[in-house]
file protein-v5.pdb (PDB, C-alpha atoms)
ATOM      1  CA  ARG A   1      67.865 102.611 115.250  1.00  0.00           C
ATOM      2  CA  GLU A   2      66.565 105.822 116.691  1.00  0.00           C
ATOM      3  CA  ASN A   3      63.090 104.835 115.448  1.00  0.00           C
ATOM      4  CA  ALA A   4      63.334 101.246 116.674  1.00  0.00           C
ATOM      5  CA  ASN A   5      60.547 101.683 119.226  1.00  0.00           C
ATOM      6  CA  SER A   6      58.349 103.968 117.139  1.00  0.00           C
ATOM      7  CA  GLU A   7      54.808 102.697 116.548  1.00  0.00           C
ATOM      8  CA  GLU A   8      54.588 104.668 113.285  1.00  0.00           C
ATOM      9  CA  ARG A   9      57.240 102.693 111.447  1.00  0.00           C
ATOM     10  CA  MET A  10      56.065 101.092 108.225  1.00  0.00           C
ATOM     11  CA  LEU A  11      57.646  98.437 106.088  1.00  0.00           C
ATOM     12  CA  ARG A  12      56.563  98.166 102.464  1.00  0.00           C
ATOM     13  CA  PHE A  13      56.986  94.963 100.470  1.00  0.00           C
ATOM     14  CA  ILE A  14      56.923  95.218  96.678  1.00  0.00           C
ATOM     15  CA  ASN A  15      56.339  92.397  94.251  1.00  0.00           C
ATOM     16  CA  PRO A  16      58.770  93.266  91.432  1.00  0.00           C
ATOM     17  CA  ASP A  17      56.648  91.294  88.949  1.00  0.00           C
ATOM     18  CA  ALA A  18      53.546  93.361  89.708  1.00  0.00           C
ATOM     19  CA  ASN A  19      55.020  96.788  90.477  1.00  0.00           C
ATOM     20  CA  GLU A  20      57.994  98.797  89.337  1.00  0.00           C
ATOM     21  CA  LEU A  21      60.716  99.184  91.918  1.00  0.00           C
ATOM     22  CA  PRO A  22      61.437 102.758  92.958  1.00  0.00           C
ATOM     23  CA  PRO A  23      64.696 104.127  91.546  1.00  0.00           C
ATOM     24  CA  LYS A  24      67.766 103.988  93.743  1.00  0.00           C
ATOM     25  CA  PRO A  25      68.682 107.349  95.214  1.00  0.00           C
ATOM     26  CA  ALA A  26      71.467 109.047  93.283  1.00  0.00           C
ATOM     27  CA  GLU A  27      74.828 108.753  94.957  1.00  0.00           C
ATOM     28  CA  GLU A  28      76.360 112.064  95.798  1.00  0.00           C
ATOM     29  CA  GLU A  29      79.699 112.528  94.141  1.00  0.00           C
ATOM     30  CA  GLU A  30      82.410 113.785  96.415  1.00  0.00           C
ATOM     31  CA  GLU A  31      83.765 117.093  95.354  1.00  0.00           C
ATOM     32  CA  GLU A  32      87.443 116.790  94.494  1.00  0.00           C
ATOM     33  CA  VAL A  33      89.531 119.281  96.417  1.00  0.00           C
ATOM     34  CA  GLU A  34      92.954 120.356  95.265  1.00  0.00           C
ATOM     35  CA  MET A  35      95.550 120.132  97.986  1.00  0.00           C
ATOM     36  CA  PRO A  36      98.239 122.796  98.187  1.00  0.00           C
ATOM     37  CA  ALA A  37     101.888 121.705  98.049  1.00  0.00           C
ATOM     38  CA  GLU A  38     102.353 122.757 101.669  1.00  0.00           C
ATOM     39  CA  LEU A  39     100.076 124.051 104.406  1.00  0.00           C
ATOM     40  CA  ILE A  40     101.415 125.527 107.641  1.00  0.00           C
ATOM     41  CA  CYS A  41      98.978 126.224 110.443  1.00  0.00           C
ATOM     42  CA  ALA A  42      99.032 127.205 114.087  1.00  0.00           C
ATOM     43  CA  VAL A  43      96.980 124.803 116.158  1.00  0.00           C
ATOM     44  CA  PRO A  44      94.982 126.115 119.129  1.00  0.00           C
ATOM     45  CA  THR A  45      94.860 124.367 122.487  1.00  0.00           C
ATOM     46  CA  GLY A  46      92.825 121.197 122.787  1.00  0.00           C
ATOM     47  CA  PRO A  47      92.393 118.183 120.543  1.00  0.00           C
ATOM     48  CA  VAL A  48      93.254 118.580 116.859  1.00  0.00           C
ATOM     49  CA  GLY A  49      90.657 116.100 115.586  1.00  0.00           C
ATOM     50  CA  LEU A  50      92.714 114.139 113.066  1.00  0.00           C
ATOM     51  CA  LYS A  51      92.870 110.422 112.355  1.00  0.00           C
ATOM     52  CA  LEU A  52      96.453 109.634 111.362  1.00  0.00           C
ATOM     53  CA  GLU A  53      97.924 106.566 109.714  1.00  0.00           C
ATOM     54  CA  GLY A  54     101.375 105.281 108.855  1.00  0.00           C
ATOM     55  CA  GLU A  55     104.902 106.602 108.958  1.00  0.00           C
ATOM     56  CA  PRO A  56     105.317 109.377 108.140  1.00  0.00           C
ATOM     57  CA  SER A  57     101.922 110.377 109.509  1.00  0.00           C
ATOM     58  CA  MET A  58      99.281 110.802 106.834  1.00  0.00           C
ATOM     59  CA  VAL A  59      95.934 112.403 107.624  1.00  0.00           C
ATOM     60  CA  ASP A  60      93.235 109.819 106.985  1.00  0.00           C
ATOM     61  CA  GLN A  61      90.215 111.753 108.289  1.00  0.00           C
ATOM     62  CA  MET A  62      89.237 114.981 110.025  1.00  0.00           C
ATOM     63  CA  ALA A  63      86.679 114.928 112.840  1.00  0.00           C
ATOM     64  CA  ASP A  64      83.704 117.267 112.573  1.00  0.00           C
ATOM     65  CA  PHE A  65      85.050 119.262 115.545  1.00  0.00           C
ATOM     66  CA  SER A  66      88.567 119.640 114.083  1.00  0.00           C
ATOM     67  CA  CYS A  67      89.976 123.133 114.300  1.00  0.00           C
ATOM     68  CA  LEU A  68      91.662 122.567 110.935  1.00  0.00           C
ATOM     69  CA  HIS A  69      88.440 122.791 108.891  1.00  0.00           C
ATOM     70  CA  ASP A  70      88.980 126.576 108.791  1.00  0.00           C
ATOM     71  CA  VAL A  71      92.498 126.126 107.400  1.00  0.00           C
ATOM     72  CA  GLY A  72      91.854 123.707 104.575  1.00  0.00           C
ATOM     73  CA  ASP A  73      91.185 120.158 103.566  1.00  0.00           C
ATOM     74  CA  VAL A  74      94.100 118.076 104.854  1.00  0.00           C
ATOM     75  CA  PRO A  75      93.076 114.398 104.432  1.00  0.00           C
ATOM     76  CA  GLY A  76      95.680 112.754 102.201  1.00  0.00           C
ATOM     77  CA  MET A  77      98.382 115.177 103.290  1.00  0.00           C
ATOM     78  CA  VAL A  78     101.422 114.100 105.296  1.00  0.00           C
ATOM     79  CA  VAL A  79     102.495 115.838 108.485  1.00  0.00           C
ATOM     80  CA  GLY A  80     105.998 117.049 107.683  1.00  0.00           C
ATOM     81  CA  THR A  81     106.745 118.753 110.985  1.00  0.00           C
ATOM     82  CA  LEU A  82     105.283 119.624 114.350  1.00  0.00           C
ATOM     83  CA  GLU A  83     106.796 122.597 116.126  1.00  0.00           C
ATOM     84  CA  VAL A  84     105.998 122.890 119.832  1.00  0.00           C
ATOM     85  CA  GLU A  85     105.917 126.001 122.018  1.00  0.00           C
ATOM     86  CA  ASP A  86     109.634 125.939 122.936  1.00  0.00           C
ATOM     87  CA  GLY A  87     110.615 125.980 119.239  1.00  0.00           C
ATOM     88  CA  THR A  88     111.542 122.298 119.034  1.00  0.00           C
ATOM     89  CA  LYS A  89     110.698 120.882 115.617  1.00  0.00           C
ATOM     90  CA  HIS A  90     109.735 117.225 115.303  1.00  0.00           C
ATOM     91  CA  TYR A  91     109.712 115.568 111.882  1.00  0.00           C
ATOM     92  CA  GLU A  92     109.358 112.167 110.189  1.00  0.00           C
ATOM     93  CA  MET A  93     107.063 111.000 112.973  1.00  0.00           C
ATOM     94  CA  SER A  94     104.959 107.883 113.031  1.00  0.00           C
ATOM     95  CA  SER A  95     101.243 108.346 113.650  1.00  0.00           C
ATOM     96  CA  GLU A  96     101.664 107.063 117.208  1.00  0.00           C
ATOM     97  CA  ASP A  97     104.555 109.452 117.985  1.00  0.00           C
ATOM     98  CA  LEU A  98     102.750 112.449 116.504  1.00  0.00           C
ATOM     99  CA  THR A  99      99.533 111.643 118.374  1.00  0.00           C
ATOM    100  CA  ALA A 100     101.474 111.323 121.635  1.00  0.00           C
ATOM    101  CA  LEU A 101     103.235 114.683 121.069  1.00  0.00           C
ATOM    102  CA  LEU A 102      99.996 116.457 120.184  1.00  0.00           C
ATOM    103  CA  GLN A 103      98.377 115.084 123.338  1.00  0.00           C
ATOM    104  CA  GLU A 104     101.405 115.931 125.468  1.00  0.00           C
ATOM    105  CA  HIS A 105     101.283 119.542 124.259  1.00  0.00           C
ATOM    106  CA  ALA A 106      97.471 119.795 124.056  1.00  0.00           C
ATOM    107  CA  GLU A 107      97.355 122.796 126.393  1.00  0.00           C
ATOM    108  CA  SER A 108     100.019 124.663 124.421  1.00  0.00           C
ATOM    109  CA  ASP A 109      99.162 127.659 122.291  1.00  0.00           C
ATOM    110  CA  GLY A 110     102.366 127.380 120.289  1.00  0.00           C
ATOM    111  CA  ARG A 111     101.855 124.222 118.242  1.00  0.00           C
ATOM    112  CA  VAL A 112     102.471 124.574 114.504  1.00  0.00           C
ATOM    113  CA  LEU A 113     101.814 121.780 112.012  1.00  0.00           C
ATOM    114  CA  CYS A 114     103.269 121.676 108.516  1.00  0.00           C
ATOM    115  CA  PHE A 115     101.257 119.523 106.120  1.00  0.00           C
ATOM    116  CA  ILE A 116     102.816 118.388 102.842  1.00  0.00           C
ATOM    117  CA  ASN A 117     101.093 117.131  99.718  1.00  0.00           C
ATOM    118  CA  PRO A 118     103.072 113.938  99.018  1.00  0.00           C
ATOM    119  CA  ASP A 119     102.046 113.989  95.338  1.00  0.00           C
ATOM    120  CA  VAL A 120     103.709 117.361  94.788  1.00  0.00           C
ATOM    121  CA  GLN A 121     106.479 117.796  97.337  1.00  0.00           C
ATOM    122  CA  GLU A 122     109.018 115.487  98.949  1.00  0.00           C
ATOM    123  CA  ILE A 123     109.227 115.188 102.689  1.00  0.00           C
ATOM    124  CA  THR A 124     112.520 116.475 104.021  1.00  0.00           C
ATOM    125  CA  PRO A 125     114.394 113.539 105.524  1.00  0.00           C
ATOM    126  CA  LYS A 126     115.780 114.055 109.031  1.00  0.00           C
ATOM    127  CA  ARG A 127     119.371 113.867 107.884  1.00  0.00           C
ATOM    128  CA  GLN A 128     118.948 116.581 105.254  1.00  0.00           C
ATOM    129  CA  TRP A 129     117.028 118.786 107.676  1.00  0.00           C
ATOM    130  CA  ARG A 130     119.744 118.414 110.343  1.00  0.00           C
ATOM    131  CA  LYS A 131     122.461 119.129 107.780  1.00  0.00           C
ATOM    132  CA  ARG A 132     120.658 122.288 106.632  1.00  0.00           C
ATOM    133  CA  LYS A 133     120.161 123.374 110.244  1.00  0.00           C
ATOM    134  CA  TRP A 134     123.857 122.784 110.953  1.00  0.00           C
ATOM    135  CA  ARG A 135     124.932 124.734 107.816  1.00  0.00           C
ATOM    136  CA  LYS A 136     122.636 127.613 108.748  1.00  0.00           C
ATOM    137  CA  LYS A 137     124.095 127.639 112.263  1.00  0.00           C
ATOM    138  CA  MET A 138     127.667 127.624 110.884  1.00  0.00           C
ATOM    139  CA  ARG A 139     126.918 130.501 108.441  1.00  0.00           C
ATOM    140  CA  LYS A 140     125.420 132.519 111.274  1.00  0.00           C
ATOM    141  CA  LYS A 141     128.478 131.799 113.418  1.00  0.00           C
ATOM    142  CA  GLN A 142     130.831 132.881 110.588  1.00  0.00           C
ATOM    143  CA  ARG A 143     128.935 136.160 110.157  1.00  0.00           C
ATOM    144  CA  THR A 144     129.328 137.011 113.837  1.00  0.00           C
ATOM    145  CA  ASN A 145     133.105 136.300 113.794  1.00  0.00           C
TER     146      ASN A 145
END
call {"tool": "encode", "arguments": {"input": "protein-v5.pdb", "output": "structure tokens"}}
result
Amino acid sequence: RENANSEERMLRFINPDANELPPKPAEEEEEEVEMPAELICAVPTGPVGLKLEGEPSMVDQMADFSCLHDVGDVPGMVVGTLEVEDGTKHYEMSSEDLTALLQEHAESDGRVLCFINPDVQEITPKRQWRKRKWRKKMRKKQRTN
């Protein structure tokens, strides 16, 4: 398309009965990358550059500008949690909810994403996470008494 108006464009027609067709270019094989069981990363201000799908949110693609390229290859991983600057942890989010939260806190320096490899590790359900948080709180309370 960028050459649509170029006068130097050439189109070559080949009669397959008279000439041999040129070989098809070899397809590049994608390099298989091993995903870790879990990946926790602090996210700087601005857009994250992820395309998310489903519930829980699974990373479908990373944009070229994504700040997460330095951290690792996250497509195929599930977002287990998002912690925002005030320490609130959000989990089991749909793609829409996670996108909205990331946009809402885009100017925050304190965002932390926890990615989970769904083939290796289970996602902690909300109820279990709340129960663990409650138990931890109760143990801490007992120690202070």
call {"tool": "resolve_selection", "arguments": {"input": "protein-v5.pdb", "expression": "the PyMOL selection byres ((chain A and resi 46-62) around 10)", "output": "short mmCIF file (atom, residue, chain, number, x, y, z; two decimals) with C-alpha atoms, in the frame of the given file"}}
result
data_model
loop_
_atom_site.label_atom_id
_atom_site.label_comp_id
_atom_site.auth_asym_id
_atom_site.auth_seq_id
_atom_site.Cartn_x
_atom_site.Cartn_y
_atom_site.Cartn_z
CA VAL A 43 96.98 124.80 116.16
CA PRO A 44 94.98 126.12 119.13
CA THR A 45 94.86 124.37 122.49
CA ALA A 63 86.68 114.93 112.84
CA ASP A 64 83.70 117.27 112.57
CA PHE A 65 85.05 119.26 115.54
CA SER A 66 88.57 119.64 114.08
CA CYS A 67 89.98 123.13 114.30
CA LEU A 68 91.66 122.57 110.94
CA HIS A 69 88.44 122.79 108.89
CA ASP A 73 91.18 120.16 103.57
CA VAL A 74 94.10 118.08 104.85
CA PRO A 75 93.08 114.40 104.43
CA GLY A 76 95.68 112.75 102.20
CA MET A 77 98.38 115.18 103.29
CA VAL A 78 101.42 114.10 105.30
CA VAL A 79 102.50 115.84 108.48
CA GLY A 80 106.00 117.05 107.68
CA THR A 81 106.74 118.75 110.98
CA TYR A 91 109.71 115.57 111.88
CA GLU A 92 109.36 112.17 110.19
CA MET A 93 107.06 111.00 112.97
CA SER A 94 104.96 107.88 113.03
CA SER A 95 101.24 108.35 113.65
CA GLU A 96 101.66 107.06 117.21
CA ASP A 97 104.56 109.45 117.98
CA LEU A 98 102.75 112.45 116.50
CA THR A 99 99.53 111.64 118.37
CA LEU A 102 100.00 116.46 120.18
CA GLN A 103 98.38 115.08 123.34
CA HIS A 105 101.28 119.54 124.26
CA ALA A 106 97.47 119.80 124.06
CA GLU A 107 97.36 122.80 126.39
CA SER A 108 100.02 124.66 124.42
CA ASP A 109 99.16 127.66 122.29
CA PHE A 115 101.26 119.52 106.12
CA ILE A 116 102.82 118.39 102.84
CA ASN A 117 101.09 117.13 99.72
CA PRO A 118 103.07 113.94 99.02
CA ILE A 123 109.23 115.19 102.69
#
call {"tool": "atom_distance", "arguments": {"input": "protein-v5.pdb", "atom1": "atom CA of Arg9 of chain A", "atom2": "atom CA of Leu21 of chain A"}}
result
20.1 Å
call {"tool": "atom_distance", "arguments": {"input": "protein-v5.pdb", "atom1": "atom CA of Leu82 of chain A", "atom2": "atom CA of Cys114 of chain A"}}
result
6.5 Å
call {"tool": "atom_distance", "arguments": {"input": "protein-v5.pdb", "atom1": "atom CA of Glu83 of chain A", "atom2": "atom CA of Glu38 of chain A"}}
result
15.1 Å
call {"tool": "resolve_selection", "arguments": {"input": "protein-v5.pdb", "expression": "the PyMOL selection byres ((chain A and resi 42) around 6)", "output": "ChimeraX atom specification"}}
result
/A:41,43,111-112
call {"tool": "closest_residue", "arguments": {"input": "protein-v5.pdb", "among": "A:Glu7, A:Glu85, A:Asp17, A:Glu34", "to": "Gly72 of chain A", "atoms": "all atoms listed in the file"}}
result
A:Glu34
call {"tool": "axis_aligned_box", "arguments": {"input": "protein-v5.pdb", "around": "segment 84-101 of chain A", "padding_each_side": "8 Å", "output": "JSON"}}
result
{"center_x": 105.5, "center_y": 116.5, "center_z": 116.6, "size_x": 28.0, "size_y": 34.9, "size_z": 28.7}
call {"tool": "residues_near_point", "arguments": {"input": "protein-v5.pdb", "point": "(97.7, 123.5, 93.2)", "cutoff": "12 Å", "atoms": "all atoms listed in the file", "output": "ChimeraX atom specification"}}
result
/A:33-39,117,119-121
call {"tool": "write_last_selection", "arguments": {"input": "protein-v5.pdb", "atoms": "C-alpha atoms", "output": "PDB file, in the coordinates of the input"}}
result
ATOM      1  CA  VAL A  33      89.531 119.281  96.417  1.00  0.00           C
ATOM      2  CA  GLU A  34      92.954 120.356  95.265  1.00  0.00           C
ATOM      3  CA  MET A  35      95.550 120.132  97.986  1.00  0.00           C
ATOM      4  CA  PRO A  36      98.239 122.796  98.187  1.00  0.00           C
ATOM      5  CA  ALA A  37     101.888 121.705  98.049  1.00  0.00           C
ATOM      6  CA  GLU A  38     102.353 122.757 101.669  1.00  0.00           C
ATOM      7  CA  LEU A  39     100.076 124.051 104.406  1.00  0.00           C
ATOM      8  CA  ASN A 117     101.093 117.131  99.718  1.00  0.00           C
ATOM      9  CA  ASP A 119     102.046 113.989  95.338  1.00  0.00           C
ATOM     10  CA  VAL A 120     103.709 117.361  94.788  1.00  0.00           C
ATOM     11  CA  GLN A 121     106.479 117.796  97.337  1.00  0.00           C
TER      12      GLN A 121
END
call {"tool": "build_atoms", "arguments": {"input": "protein-v5.pdb", "residues": "segment 53-89 of chain A", "atoms": "N, CA and C atoms", "output": "short mmCIF file (atom, residue, chain, number, x, y, z; two decimals), in the coordinates of the input"}}
result
data_model
loop_
_atom_site.label_atom_id
_atom_site.label_comp_id
_atom_site.auth_asym_id
_atom_site.auth_seq_id
_atom_site.Cartn_x
_atom_site.Cartn_y
_atom_site.Cartn_z
N GLU A 53 97.49 107.93 110.02
CA GLU A 53 97.92 106.57 109.71
C GLU A 53 99.33 106.58 109.15
N GLY A 54 100.10 105.54 109.50
CA GLY A 54 101.38 105.28 108.86
C GLY A 54 102.56 106.06 109.38
N GLU A 55 103.66 105.90 108.66
CA GLU A 55 104.90 106.60 108.96
C GLU A 55 105.55 106.97 107.63
N PRO A 56 105.70 108.22 107.34
CA PRO A 56 105.32 109.38 108.14
C PRO A 56 103.79 109.49 108.24
N SER A 57 103.35 110.26 109.21
CA SER A 57 101.92 110.38 109.51
C SER A 57 101.15 111.00 108.36
N MET A 58 100.16 110.26 107.88
CA MET A 58 99.28 110.80 106.83
C MET A 58 97.89 110.99 107.44
N VAL A 59 97.27 112.11 107.11
CA VAL A 59 95.93 112.40 107.62
C VAL A 59 94.94 111.55 106.86
N ASP A 60 94.24 110.69 107.59
CA ASP A 60 93.24 109.82 106.98
C ASP A 60 91.87 110.50 107.00
N GLN A 61 91.52 111.10 108.14
CA GLN A 61 90.22 111.75 108.29
C GLN A 61 90.32 112.93 109.24
N MET A 62 89.36 113.86 109.09
CA MET A 62 89.24 114.98 110.02
C MET A 62 87.90 114.84 110.75
N ALA A 63 87.92 114.98 112.06
CA ALA A 63 86.68 114.93 112.84
C ALA A 63 85.87 116.19 112.57
N ASP A 64 84.57 116.11 112.79
CA ASP A 64 83.70 117.27 112.57
C ASP A 64 84.12 118.46 113.42
N PHE A 65 84.67 118.19 114.63
CA PHE A 65 85.05 119.26 115.54
C PHE A 65 86.46 119.80 115.29
N SER A 66 87.17 119.26 114.31
CA SER A 66 88.57 119.64 114.08
C SER A 66 88.71 121.13 113.82
N CYS A 67 89.69 121.71 114.48
CA CYS A 67 89.98 123.13 114.30
C CYS A 67 90.58 123.41 112.93
N LEU A 68 90.98 122.39 112.22
CA LEU A 68 91.66 122.57 110.94
C LEU A 68 90.71 122.73 109.75
N HIS A 69 89.40 122.59 109.98
CA HIS A 69 88.44 122.79 108.89
C HIS A 69 88.53 124.22 108.35
N ASP A 70 88.86 125.18 109.22
CA ASP A 70 88.98 126.58 108.79
C ASP A 70 90.21 126.81 107.94
N VAL A 71 91.21 125.95 108.09
CA VAL A 71 92.50 126.13 107.40
C VAL A 71 92.47 125.53 106.00
N GLY A 72 91.89 124.37 105.87
CA GLY A 72 91.85 123.71 104.58
C GLY A 72 91.53 122.24 104.71
N ASP A 73 91.50 121.57 103.60
CA ASP A 73 91.18 120.16 103.57
C ASP A 73 92.50 119.38 103.59
N VAL A 74 92.80 118.73 104.71
CA VAL A 74 94.10 118.08 104.85
C VAL A 74 94.12 116.55 104.72
N PRO A 75 92.97 115.84 104.63
CA PRO A 75 93.08 114.40 104.43
C PRO A 75 93.87 114.07 103.16
N GLY A 76 94.79 113.12 103.31
CA GLY A 76 95.68 112.75 102.20
C GLY A 76 97.02 113.45 102.28
N MET A 77 97.11 114.48 103.13
CA MET A 77 98.38 115.18 103.29
C MET A 77 99.20 114.50 104.39
N VAL A 78 100.50 114.68 104.32
CA VAL A 78 101.42 114.10 105.30
C VAL A 78 101.87 115.20 106.25
N VAL A 79 101.99 114.86 107.52
CA VAL A 79 102.50 115.84 108.48
C VAL A 79 104.01 115.83 108.38
N GLY A 80 104.55 116.93 107.85
CA GLY A 80 106.00 117.05 107.68
C GLY A 80 106.69 117.36 108.99
N THR A 81 106.13 118.36 109.72
CA THR A 81 106.74 118.75 110.98
C THR A 81 105.68 119.17 111.99
N LEU A 82 106.05 119.06 113.24
CA LEU A 82 105.28 119.62 114.35
C LEU A 82 106.26 120.44 115.16
N GLU A 83 105.97 121.73 115.28
CA GLU A 83 106.80 122.60 116.13
C GLU A 83 106.01 122.86 117.39
N VAL A 84 106.66 122.67 118.55
CA VAL A 84 106.00 122.89 119.83
C VAL A 84 106.41 124.24 120.39
N GLU A 85 105.78 124.64 121.49
CA GLU A 85 105.92 126.00 122.02
C GLU A 85 107.35 126.44 122.30
N ASP A 86 108.26 125.54 122.64
CA ASP A 86 109.63 125.94 122.94
C ASP A 86 110.50 126.04 121.67
N GLY A 87 109.89 125.86 120.50
CA GLY A 87 110.62 125.98 119.24
C GLY A 87 111.19 124.67 118.72
N THR A 88 111.04 123.60 119.48
CA THR A 88 111.54 122.30 119.03
C THR A 88 110.70 121.81 117.87
N LYS A 89 111.38 121.39 116.79
CA LYS A 89 110.70 120.88 115.62
C LYS A 89 110.86 119.37 115.55
#
